[in-house]
$ cat protein-v7.pdb   # PDB, C-alpha atoms
ATOM      1  CA  MET A   4      -8.293   9.327 109.258
ATOM      2  CA  SER A   5      -8.210   6.227 107.164
ATOM      3  CA  SER A   6      -4.889   4.751 106.479
ATOM      4  CA  LYS A   7      -3.386   4.911 102.887
ATOM      5  CA  THR A   8      -3.642   1.699 100.994
ATOM      6  CA  GLU A   9      -0.305   0.120 100.470
ATOM      7  CA  TYR A  10       0.502  -1.273  97.003
ATOM      8  CA  SER A  11       3.378  -3.587  96.558
ATOM      9  CA  PRO A  12       5.316  -3.325  93.268
ATOM     10  CA  VAL A  13       4.875  -6.133  90.809
ATOM     11  CA  GLY A  14       8.096  -7.568  89.405
ATOM     12  CA  ARG A  15       8.795  -9.081  86.000
ATOM     13  CA  ALA A  16       8.727 -12.524  87.507
ATOM     14  CA  SER A  17       5.146 -12.107  88.717
ATOM     15  CA  LEU A  18       4.057 -10.750  85.304
ATOM     16  CA  SER A  19       5.593 -13.688  83.574
ATOM     17  CA  ALA A  20       3.967 -16.016  85.944
ATOM     18  CA  ASP A  21       0.622 -14.282  85.513
ATOM     19  CA  ASP A  22       0.871 -14.448  81.692
ATOM     20  CA  ALA A  23       1.692 -18.101  81.902
ATOM     21  CA  ALA A  24      -1.237 -18.724  84.163
ATOM     22  CA  HIS A  25      -3.716 -17.041  81.804
ATOM     23  CA  SER A  26      -2.331 -18.438  78.510
ATOM     24  CA  LEU A  27      -4.726 -20.581  76.404
ATOM     25  CA  LEU A  28      -1.896 -22.621  74.883
ATOM     26  CA  SER A  29      -0.550 -25.782  76.377
ATOM     27  CA  GLN A  30       3.119 -26.182  77.017
ATOM     28  CA  ASP A  31       3.441 -28.494  73.954
ATOM     29  CA  GLU A  32       1.695 -25.966  71.678
ATOM     30  CA  LYS A  33       3.940 -23.163  72.907
ATOM     31  CA  HIS A  34       6.999 -25.257  72.218
ATOM     32  CA  PHE A  35       5.722 -26.073  68.726
ATOM     33  CA  THR A  36       5.026 -22.418  67.945
ATOM     34  CA  PHE A  37       8.436 -21.349  69.148
ATOM     35  CA  GLU A  38      10.141 -23.968  66.976
ATOM     36  CA  ARG A  39       8.179 -22.916  63.747
ATOM     37  CA  ARG A  40       9.274 -19.306  63.937
ATOM     38  CA  ARG A  41      12.908 -20.094  64.479
ATOM     39  CA  LEU A  42      13.863 -21.729  61.152
ATOM     40  CA  SER A  43      17.343 -22.968  60.599
ATOM     41  CA  PRO A  44      19.532 -21.290  57.924
ATOM     42  CA  ALA A  45      19.095 -24.297  55.631
ATOM     43  CA  GLN A  46      15.315 -24.101  55.934
ATOM     44  CA  ARG A  47      15.306 -20.372  55.225
ATOM     45  CA  PHE A  48      17.458 -20.895  52.143
ATOM     46  CA  TYR A  49      15.172 -23.680  50.917
ATOM     47  CA  ARG A  50      12.072 -21.515  51.367
ATOM     48  CA  LEU A  51      13.704 -18.595  49.543
ATOM     49  CA  ALA A  52      14.713 -20.890  46.679
ATOM     50  CA  LEU A  53      11.152 -22.196  46.331
ATOM     51  CA  ARG A  54       9.731 -18.652  46.219
ATOM     52  CA  SER A  55      12.295 -17.575  43.636
ATOM     53  CA  LEU A  56      11.518 -20.598  41.453
ATOM     54  CA  ALA A  57       7.781 -19.905  41.652
ATOM     55  CA  ALA A  58       8.305 -16.262  40.687
ATOM     56  CA  PHE A  59      10.495 -17.285  37.731
ATOM     57  CA  ILE A  60       7.855 -19.762  36.482
ATOM     58  CA  LEU A  61       5.145 -17.100  36.724
ATOM     59  CA  LEU A  62       7.364 -14.690  34.790
ATOM     60  CA  LEU A  63       7.845 -17.254  32.030
ATOM     61  CA  ILE A  64       4.094 -17.852  31.804
ATOM     62  CA  HIS A  65       3.487 -14.118  31.615
ATOM     63  CA  ALA A  66       6.041 -13.677  28.837
ATOM     64  CA  GLY A  67       4.536 -16.551  26.859
ATOM     65  CA  LEU A  68       1.033 -15.079  27.087
ATOM     66  CA  VAL A  69       2.300 -11.667  25.948
ATOM     67  CA  LEU A  70       4.104 -13.266  22.998
ATOM     68  CA  LEU A  71       1.009 -15.227  21.951
ATOM     69  CA  LEU A  72      -1.113 -12.069  22.170
ATOM     70  CA  ALA A  73       1.365 -10.097  20.071
ATOM     71  CA  ARG A  74       1.446 -12.799  17.381
ATOM     72  CA  TRP A  75      -2.359 -12.920  17.279
ATOM     73  CA  ILE A  76      -2.579  -9.130  16.880
ATOM     74  CA  ILE A  77      -0.003  -9.127  14.080
ATOM     75  CA  SER A  78      -1.699 -11.977  12.206
ATOM     76  CA  ASN A  79      -5.086 -10.249  12.389
ATOM     77  CA  THR A  80      -3.913  -6.739  11.486
ATOM     78  CA  PRO A  81      -4.260  -5.776   7.786
ATOM     79  CA  THR A  82      -0.996  -4.661   6.237
ATOM     80  CA  THR A  83      -0.323  -2.314   3.328
ATOM     81  CA  SER A  84       1.453  -4.069   0.499
ATOM     82  CA  LYS A  85       4.596  -2.535  -0.879
ATOM     83  CA  PRO A  86       4.671  -1.279  -4.449
ATOM     84  CA  PRO A  87       5.656  -4.034  -6.882
ATOM     85  CA  SER A  88       9.179  -4.387  -8.136
ATOM     86  CA  PRO A  89       9.645  -2.358 -11.332
ATOM     87  CA  LYS A  90      11.372  -5.243 -13.059
ATOM     88  CA  LYS A  91       8.577  -7.701 -12.340
ATOM     89  CA  MET A  92       5.272  -5.852 -12.184
ATOM     90  CA  PRO A  93       5.327  -2.383 -13.727
ATOM     91  CA  HIS A  94       2.225  -0.265 -14.203
ATOM     92  CA  GLY A  95       0.557  -0.763 -17.548
ATOM     93  CA  HIS A  96      -0.231   2.316 -19.598
ATOM     94  CA  GLY A  97      -3.218   1.748 -21.805
ATOM     95  CA  GLY A  98      -4.224  -1.729 -20.646
ATOM     96  CA  HIS A  99      -5.922  -0.513 -17.473
ATOM     97  CA  GLY A 100      -8.389  -3.082 -16.231
ATOM     98  CA  SER A 101      -9.101  -6.624 -17.362
ATOM     99  CA  SER A 102     -10.308  -7.925 -20.705
ATOM    100  CA  ALA A 103     -13.757  -8.154 -19.182
ATOM    101  CA  ASN A 104     -13.824  -4.382 -18.940
ATOM    102  CA  ALA A 105     -13.099  -4.062 -22.628
ATOM    103  CA  ASN A 106     -15.879  -6.416 -23.662
ATOM    104  CA  SER A 107     -18.656  -5.591 -21.266
ATOM    105  CA  GLY A 108     -17.852  -2.171 -19.856
ATOM    106  CA  TYR A 109     -17.488  -1.483 -16.154
ATOM    107  CA  THR A 110     -19.610  -1.702 -13.060
ATOM    108  CA  SER A 111     -19.527   0.934 -10.377
ATOM    109  CA  GLY A 112     -18.494  -0.010  -6.865
ATOM    110  CA  ALA A 113     -15.662  -2.008  -5.336
ATOM    111  CA  GLY A 114     -14.661  -3.529  -8.666
ATOM    112  CA  ASP A 115     -13.686  -0.126 -10.020
ATOM    113  CA  MET A 116     -11.671   0.660  -6.902
ATOM    114  CA  GLU A 117      -9.502  -2.393  -7.646
ATOM    115  CA  THR A 118      -8.756  -1.426 -11.258
ATOM    116  CA  HIS A 119      -5.632   0.541 -10.370
ATOM    117  CA  LYS A 120      -4.100  -2.517  -8.705
ATOM    118  CA  VAL A 121      -3.762  -4.400 -11.999
ATOM    119  CA  HIS A 122      -0.109  -4.696 -13.033
ATOM    120  CA  TYR A 123       1.643  -6.162 -16.039
ATOM    121  CA  THR A 124       4.733  -8.296 -16.466
ATOM    122  CA  LEU A 125       7.117  -7.846 -19.369
ATOM    123  CA  GLU A 126       6.536 -11.395 -20.547
ATOM    124  CA  GLY A 127       3.204 -11.700 -22.288
ATOM    125  CA  VAL A 128       2.210  -8.059 -21.866
ATOM    126  CA  PRO A 129      -1.571  -7.902 -22.506
ATOM    127  CA  PRO A 130      -2.717  -5.578 -25.293
ATOM    128  CA  SER A 131      -3.807  -2.079 -24.415
ATOM    129  CA  ILE A 132      -7.495  -1.482 -23.796
ATOM    130  CA  TYR A 133      -8.063   1.626 -25.860
ATOM    131  CA  LYS A 134     -11.592   0.950 -27.109
ATOM    132  CA  ASP A 135     -14.514   2.291 -25.074
ATOM    133  CA  PRO A 136     -17.487  -0.134 -25.205
ATOM    134  CA  LEU A 137     -19.670   2.402 -23.383
ATOM    135  CA  ALA A 138     -19.433   5.107 -26.053
ATOM    136  CA  GLU A 139     -20.144   5.701 -29.735
ATOM    137  CA  PHE A 140     -17.640   7.303 -32.124
ATOM    138  CA  SER A 141     -17.939   8.794 -35.581
ATOM    139  CA  MET A 142     -14.556   7.365 -36.648
ATOM    140  CA  VAL A 143     -13.899   3.684 -35.931
ATOM    141  CA  ASN A 144     -10.321   2.468 -36.435
ATOM    142  CA  PRO A 145      -9.361   5.653 -38.294
ATOM    143  CA  CYS A 146      -5.638   4.843 -38.087
ATOM    144  CA  GLY A 147      -5.795   1.121 -38.833
ATOM    145  CA  SER A 148      -3.664  -1.278 -36.824
ATOM    146  CA  SER A 149      -0.061  -0.606 -37.878
ATOM    147  CA  ALA A 150       2.336   2.326 -38.093
ATOM    148  CA  ALA A 151       2.425   2.141 -41.902
ATOM    149  CA  GLU A 152      -1.345   2.112 -42.150
ATOM    150  CA  ALA A 153      -1.635   4.976 -39.677
ATOM    151  CA  ARG A 154       0.764   7.157 -41.666
ATOM    152  CA  ALA A 155      -1.110   6.366 -44.874
ATOM    153  CA  ASN A 156      -4.337   7.531 -43.223
ATOM    154  CA  GLY A 157      -2.758  10.828 -42.122
ATOM    155  CA  CYS A 158      -2.558   9.939 -38.418
ATOM    156  CA  ARG A 159       0.120  11.140 -35.986
ATOM    157  CA  PHE A 160       1.684   9.313 -33.057
ATOM    158  CA  GLY A 161       1.474  11.068 -29.689
ATOM    159  CA  VAL A 162       4.016  10.162 -27.016
ATOM    160  CA  LEU A 163       1.724  11.489 -24.274
ATOM    161  CA  TYR A 164      -0.888   8.919 -25.299
ATOM    162  CA  GLY A 165       1.341   6.327 -26.854
ATOM    163  CA  ALA A 166      -1.358   6.364 -29.564
ATOM    164  CA  TRP A 167      -1.905   6.957 -33.270
ATOM    165  CA  LEU A 168      -4.590   9.642 -33.663
ATOM    166  CA  PRO A 169      -6.264  11.377 -36.606
ATOM    167  CA  GLN A 170      -6.080  15.160 -36.836
ATOM    168  CA  GLN A 171      -9.572  15.551 -35.355
ATOM    169  CA  CYS A 172      -8.436  14.049 -32.030
ATOM    170  CA  TRP A 173      -4.866  15.383 -32.111
ATOM    171  CA  ASP A 174      -3.878  18.081 -29.592
ATOM    172  CA  ASP A 175      -0.613  19.884 -30.320
ATOM    173  CA  GLU A 176      -0.771  21.930 -27.125
ATOM    174  CA  SER A 177      -0.966  18.896 -24.815
ATOM    175  CA  GLU A 178       1.775  17.052 -26.697
ATOM    176  CA  GLU A 179       4.218  19.978 -26.710
ATOM    177  CA  ARG A 180       3.580  20.862 -23.063
ATOM    178  CA  PHE A 181       4.198  17.276 -22.020
ATOM    179  CA  LYS A 182       7.385  17.048 -24.114
ATOM    180  CA  ALA A 183       8.813  20.273 -22.620
ATOM    181  CA  TYR A 184       8.143  19.215 -19.019
ATOM    182  CA  ASP A 185      11.240  17.005 -18.747
ATOM    183  CA  ASP A 186      13.906  15.168 -20.678
ATOM    184  CA  TRP A 187      11.908  11.944 -20.770
ATOM    185  CA  LYS A 188      13.750   8.643 -20.896
ATOM    186  CA  PHE A 189      12.502   5.494 -22.628
ATOM    187  CA  TYR A 190      13.836   1.932 -22.584
ATOM    188  CA  LEU A 191      13.045  -1.408 -24.158
ATOM    189  CA  GLN A 192      14.478  -3.480 -21.286
ATOM    190  CA  PRO A 193      13.841  -3.257 -17.524
ATOM    191  CA  ASN A 194      17.588  -3.100 -16.798
ATOM    192  CA  ARG A 195      17.668   0.249 -18.690
ATOM    193  CA  THR A 196      19.331  -1.154 -21.763
ATOM    194  CA  GLU A 197      18.278  -0.267 -25.320
ATOM    195  CA  PRO A 198      17.394   3.359 -24.516
ATOM    196  CA  LEU A 199      15.259   5.379 -26.930
ATOM    197  CA  THR A 200      14.929   9.098 -27.589
ATOM    198  CA  TRP A 201      11.656  11.022 -27.789
ATOM    199  CA  ASP A 202      11.908  11.185 -31.586
ATOM    200  CA  GLN A 203      12.479   7.443 -31.849
ATOM    201  CA  VAL A 204       9.426   6.707 -29.715
ATOM    202  CA  ALA A 205       7.396   9.274 -31.705
ATOM    203  CA  GLU A 206       7.842   7.141 -34.820
ATOM    204  CA  GLY A 207       5.232   4.804 -33.332
ATOM    205  CA  GLU A 208       7.003   1.596 -34.317
ATOM    206  CA  HIS A 209       7.327  -0.023 -30.886
ATOM    207  CA  ASP A 210       4.563  -2.060 -29.301
ATOM    208  CA  TYR A 211       5.618  -0.759 -25.895
ATOM    209  CA  VAL A 212       8.374   1.171 -24.142
ATOM    210  CA  LEU A 213       9.296   1.362 -20.465
ATOM    211  CA  VAL A 214       9.073   4.699 -18.682
ATOM    212  CA  GLU A 215       9.837   6.073 -15.224
ATOM    213  CA  TRP A 216       7.287   6.716 -12.492
ATOM    214  CA  GLN A 217       7.466  10.482 -13.022
ATOM    215  CA  TYR A 218       6.327   9.929 -16.605
ATOM    216  CA  HIS A 219       3.328   7.965 -15.351
ATOM    217  CA  GLN A 220       2.361  10.699 -12.898
ATOM    218  CA  ARG A 221       2.702  13.482 -15.446
ATOM    219  CA  HIS A 222       0.808  11.465 -18.055
ATOM    220  CA  CYS A 223      -2.159  11.176 -15.698
ATOM    221  CA  ALA A 224      -2.094  14.903 -14.920
ATOM    222  CA  GLU A 225      -1.943  15.873 -18.597
ATOM    223  CA  MET A 226      -4.684  13.430 -19.563
ATOM    224  CA  GLY A 227      -6.997  15.113 -17.064
ATOM    225  CA  ARG A 228      -6.118  18.510 -18.510
ATOM    226  CA  ARG A 229      -6.581  17.182 -22.045
ATOM    227  CA  PHE A 230     -10.065  15.860 -21.235
ATOM    228  CA  PHE A 231     -11.192  19.172 -19.704
ATOM    229  CA  THR A 232      -9.846  21.108 -22.697
ATOM    230  CA  ALA A 233     -11.726  18.828 -25.088
ATOM    231  CA  VAL A 234     -15.019  19.153 -23.217
ATOM    232  CA  SER A 235     -14.831  22.907 -22.571
ATOM    233  CA  LYS A 236     -13.165  24.208 -25.758
ATOM    234  CA  ARG A 237     -12.812  21.736 -28.605
ATOM    235  CA  GLY A 238     -15.988  19.684 -28.225
ATOM    236  CA  LEU A 239     -16.747  15.972 -27.829
ATOM    237  CA  GLN A 240     -15.700  15.282 -31.424
ATOM    238  CA  SER A 241     -12.077  15.755 -30.341
ATOM    239  CA  ILE A 242     -12.287  12.977 -27.734
ATOM    240  CA  ASP A 243     -10.933   9.527 -28.608
ATOM    241  CA  SER A 244     -11.845   6.132 -27.157
ATOM    242  CA  TYR A 245      -8.794   6.051 -24.870
ATOM    243  CA  LEU A 246      -9.434   9.456 -23.338
ATOM    244  CA  SER A 247     -13.153   8.712 -22.874
ATOM    245  CA  GLN A 248     -12.630   5.542 -20.825
ATOM    246  CA  TRP A 249     -13.730   5.452 -17.209
ATOM    247  CA  ALA A 250     -11.207   2.650 -16.517
ATOM    248  CA  HIS A 251      -8.250   4.864 -17.418
ATOM    249  CA  THR A 252      -9.613   7.886 -15.528
ATOM    250  CA  ASP A 253     -10.158   5.759 -12.425
ATOM    251  CA  HIS A 254      -6.689   4.242 -12.743
ATOM    252  CA  CYS A 255      -5.050   7.662 -12.919
ATOM    253  CA  ALA A 256      -7.106   8.995 -10.006
ATOM    254  CA  HIS A 257      -5.599   6.288  -7.792
ATOM    255  CA  SER A 258      -2.107   6.184  -9.288
ATOM    256  CA  ILE A 259      -1.522   9.913  -9.056
ATOM    257  CA  MET A 260      -1.770   9.610  -5.260
ATOM    258  CA  GLU A 261       0.762   6.774  -5.009
ATOM    259  CA  VAL A 262       4.216   7.574  -3.662
ATOM    260  CA  ASN A 263       7.053   5.894  -5.531
ATOM    261  CA  PRO A 264      10.638   6.858  -6.393
ATOM    262  CA  THR A 265      10.444   9.492  -9.127
ATOM    263  CA  HIS A 266      12.903   7.797 -11.457
ATOM    264  CA  GLU A 267      11.856   4.216 -10.790
ATOM    265  CA  LEU A 268      11.380   2.325 -14.065
ATOM    266  CA  MET A 269       7.943   0.923 -13.314
ATOM    267  CA  ALA A 270       5.469   1.801 -16.070
ATOM    268  CA  ILE A 271       4.768   0.506 -19.580
ATOM    269  CA  LEU A 272       3.598   2.810 -22.357
ATOM    270  CA  GLN A 273       1.797   0.626 -24.888
ATOM    271  CA  ARG A 274       0.966   1.521 -28.466
ATOM    272  CA  LYS A 275      -2.709   2.183 -29.195
ATOM    273  CA  PHE A 276      -5.044   2.767 -32.156
ATOM    274  CA  PRO A 277      -8.155   4.409 -30.634
ATOM    275  CA  ASP A 278     -11.443   5.378 -32.245
ATOM    276  CA  CYS A 279     -12.095   9.107 -32.626
ATOM    277  CA  GLY A 280     -14.981  11.582 -32.551
ATOM    278  CA  LEU A 281     -17.098  10.902 -29.474
ATOM    279  CA  ILE A 282     -20.815  11.065 -30.271
ATOM    280  CA  ARG A 283     -22.226  10.075 -26.913
ATOM    281  CA  TRP A 284     -21.737   7.837 -23.899
ATOM    282  CA  LYS A 285     -24.200   4.952 -23.865
ATOM    283  CA  GLN A 286     -24.627   5.010 -20.087
TER
END
$ encode --input "protein-v7.pdb" --output "structure tokens"
Amino acid sequence: MSSKTEYSPVGRASLSADDAAHSLLSQDEKHFTFERRRLSPAQRFYRLALRSLAAFILLLIHAGLVLLLARWIISNTPTTSKPPSPKKMPHGHGGHGSSANANSGYTSGAGDMETHKVHYTLEGVPPSIYKDPLAEFSMVNPCGSSAAEARANGCRFGVLYGAWLPQQCWDDESEERFKAYDDWKFYLQPNRTEPLTWDQVAEGEHDYVLVEWQYHQRHCAEMGRRFFTAVSKRGLQSIDSYLSQWAHTDHCAHSIMEVNPTHELMAILQRKFPDCGLIRWKQ
């Protein structure tokens, strides 16, 4: 029988010696590596401070880029303008549109969409545009140009319109329904001084009076009803040159959708002397 091979145990010292014998690093390189990994407390603190400073600088750069991006987005985002102050730029009733509209009519498209944005100041209030250049009427200036002349010609002043109208274009139903809707308030000054009653306004002596936003909204609603009644029941001859205007209809279509405080004093009701008896629209 063959004898069993004897194996001598290998101690830690021989392993260490063997590892040292097979190592590819010189003794100087090993010493250098050992010294790099064992940093002193001061070195570790210095390295930590450098990393913290670098992180803080990167954070500042990040925050600056975010701020610049936010400012660019805000500057390039269209904003919705707030409704004008009632004391500075109230809605004009009657003078809807520019003088160009009164002289040359209107053009369809974006220009008409901007009509409702025209506002009027109390100083130098432009005259009402109550003549329709795009229509023909059987009665031109039937009420003249003053309250005395209008009364002499048998005309009546409607508070719904703010206009002197002959009997042919007068509508009792619309006027009475509008009057009964609310206890309307009228003023001559934007600070609500010099108040007027319905009967005082109905005398037709004032060039303009100031009214609340609710009045403006209800006026637009009643004017639409008045137009339909004229076309469907009374005939074109009962339509005046203020009711027939596209500019006013377009203005009301936009304004009736606006949201403003109900009792804000932000509209002007201007006195008008329209033509009467629509024959036809020219276009």
$ closest_residue --input "protein-v7.pdb" --among "A:Met269, A:Val69, A:Ala52, A:Leu62" --to "A:Asn194" --atoms "all atoms listed in the file"
A:Met269
$ resolve_selection --input "protein-v7.pdb" --expression "the PyMOL selection byres ((chain A and resi 186) around 12)" --output "MDAnalysis selection string"
chainID A and resid 181:185 187:189 199:202 214:215 217:218 266
$ closest_residue --input "protein-v7.pdb" --among "A:Asp278, A:Glu261, A:Glu208, A:Glu179" --to "A:Ser141" --atoms "all atoms listed in the file"
A:Asp278
$ atom_distance --input "protein-v7.pdb" --atom1 "atom CA of A:Ser235" --atom2 "atom CA of A:Gly207"
29.1 Å
$ resolve_selection --input "protein-v7.pdb" --expression "the PyMOL selection byres ((chain A and resi 245) around 7)" --output "list in words"
Tyr133, Lys134, Asp135, Asp243, Ser244, Leu246, Ser247, Gln248 and Pro277 of chain A
$ resolve_selection --input "protein-v7.pdb" --expression "the PyMOL selection byres ((chain A and resi 150) around 9)" --output "ChimeraX atom specification"
/A:146-149,151-155,160,167,206-208
$ closest_residue --input "protein-v7.pdb" --among "A:Arg159, A:Arg180, A:Arg237, A:His254" --to "A:Ala205" --atoms "all atoms listed in the file"
A:Arg159
$ atom_distance --input "protein-v7.pdb" --atom1 "atom CA of A:Gln273" --atom2 "atom CA of A:Val162"
10.0 Å
$ atom_distance --input "protein-v7.pdb" --atom1 "atom CA of A:Glu197" --atom2 "atom CA of A:Asn263"
23.6 Å
$ closest_residue --input "protein-v7.pdb" --among "A:Tyr190, A:Tyr164, A:Tyr49, A:Trp173" --to "A:His222" --atoms "only C-alpha atoms"
A:Tyr164
$ closest_residue --input "protein-v7.pdb" --among "A:Asp174, A:Asp210, A:Asp253, A:Glu267" --to "A:Ala233" --atoms "all atoms listed in the file"
A:Asp174
$ closest_residue --input "protein-v7.pdb" --among "A:Pro198, A:Arg228, A:Val143, A:Ala270" --to "A:Thr252" --atoms "only C-alpha atoms"
A:Arg228
$ decode --input "protein-v7.pdb" --residues "stretch 213-225 of chain A" --atoms "N, CA and C atoms" --output "PDB file, in the first residue's frame"
ATOM      1  N   LEU A 213     -74.048 108.851 -15.871  1.00  0.00           N
ATOM      2  CA  LEU A 213     -73.267 107.666 -15.519  1.00  0.00           C
ATOM      3  C   LEU A 213     -74.181 106.612 -14.922  1.00  0.00           C
ATOM      4  N   VAL A 214     -73.973 105.370 -15.314  1.00  0.00           N
ATOM      5  CA  VAL A 214     -74.820 104.274 -14.850  1.00  0.00           C
ATOM      6  C   VAL A 214     -73.951 103.112 -14.380  1.00  0.00           C
ATOM      7  N   GLU A 215     -74.557 102.207 -13.625  1.00  0.00           N
ATOM      8  CA  GLU A 215     -73.839 101.051 -13.094  1.00  0.00           C
ATOM      9  C   GLU A 215     -73.721  99.950 -14.148  1.00  0.00           C
ATOM     10  N   TRP A 216     -72.831  98.986 -13.846  1.00  0.00           N
ATOM     11  CA  TRP A 216     -72.584  97.904 -14.797  1.00  0.00           C
ATOM     12  C   TRP A 216     -73.839  97.071 -15.059  1.00  0.00           C
ATOM     13  N   GLN A 217     -74.670  96.883 -14.057  1.00  0.00           N
ATOM     14  CA  GLN A 217     -75.899  96.117 -14.243  1.00  0.00           C
ATOM     15  C   GLN A 217     -76.794  96.785 -15.288  1.00  0.00           C
ATOM     16  N   TYR A 218     -76.817  98.103 -15.277  1.00  0.00           N
ATOM     17  CA  TYR A 218     -77.592  98.843 -16.278  1.00  0.00           C
ATOM     18  C   TYR A 218     -77.080  98.514 -17.675  1.00  0.00           C
ATOM     19  N   HIS A 219     -75.754  98.536 -17.820  1.00  0.00           N
ATOM     20  CA  HIS A 219     -75.149  98.240 -19.123  1.00  0.00           C
ATOM     21  C   HIS A 219     -75.530  96.839 -19.608  1.00  0.00           C
ATOM     22  N   GLN A 220     -75.452  95.864 -18.720  1.00  0.00           N
ATOM     23  CA  GLN A 220     -75.787  94.496 -19.090  1.00  0.00           C
ATOM     24  C   GLN A 220     -77.252  94.364 -19.499  1.00  0.00           C
ATOM     25  N   ARG A 221     -78.126  94.972 -18.702  1.00  0.00           N
ATOM     26  CA  ARG A 221     -79.556  94.863 -19.000  1.00  0.00           C
ATOM     27  C   ARG A 221     -79.912  95.629 -20.271  1.00  0.00           C
ATOM     28  N   HIS A 222     -79.273  96.745 -20.488  1.00  0.00           N
ATOM     29  CA  HIS A 222     -79.465  97.516 -21.723  1.00  0.00           C
ATOM     30  C   HIS A 222     -79.179  96.641 -22.936  1.00  0.00           C
ATOM     31  N   CYS A 223     -78.048  95.939 -22.905  1.00  0.00           N
ATOM     32  CA  CYS A 223     -77.681  95.092 -24.044  1.00  0.00           C
ATOM     33  C   CYS A 223     -78.699  93.977 -24.254  1.00  0.00           C
ATOM     34  N   ALA A 224     -79.171  93.378 -23.168  1.00  0.00           N
ATOM     35  CA  ALA A 224     -80.167  92.307 -23.289  1.00  0.00           C
ATOM     36  C   ALA A 224     -81.467  92.836 -23.888  1.00  0.00           C
ATOM     37  N   GLU A 225     -81.923  93.986 -23.417  1.00  0.00           N
ATOM     38  CA  GLU A 225     -83.177  94.553 -23.900  1.00  0.00           C
ATOM     39  C   GLU A 225     -83.065  95.056 -25.336  1.00  0.00           C
TER      40      GLU A 225
END
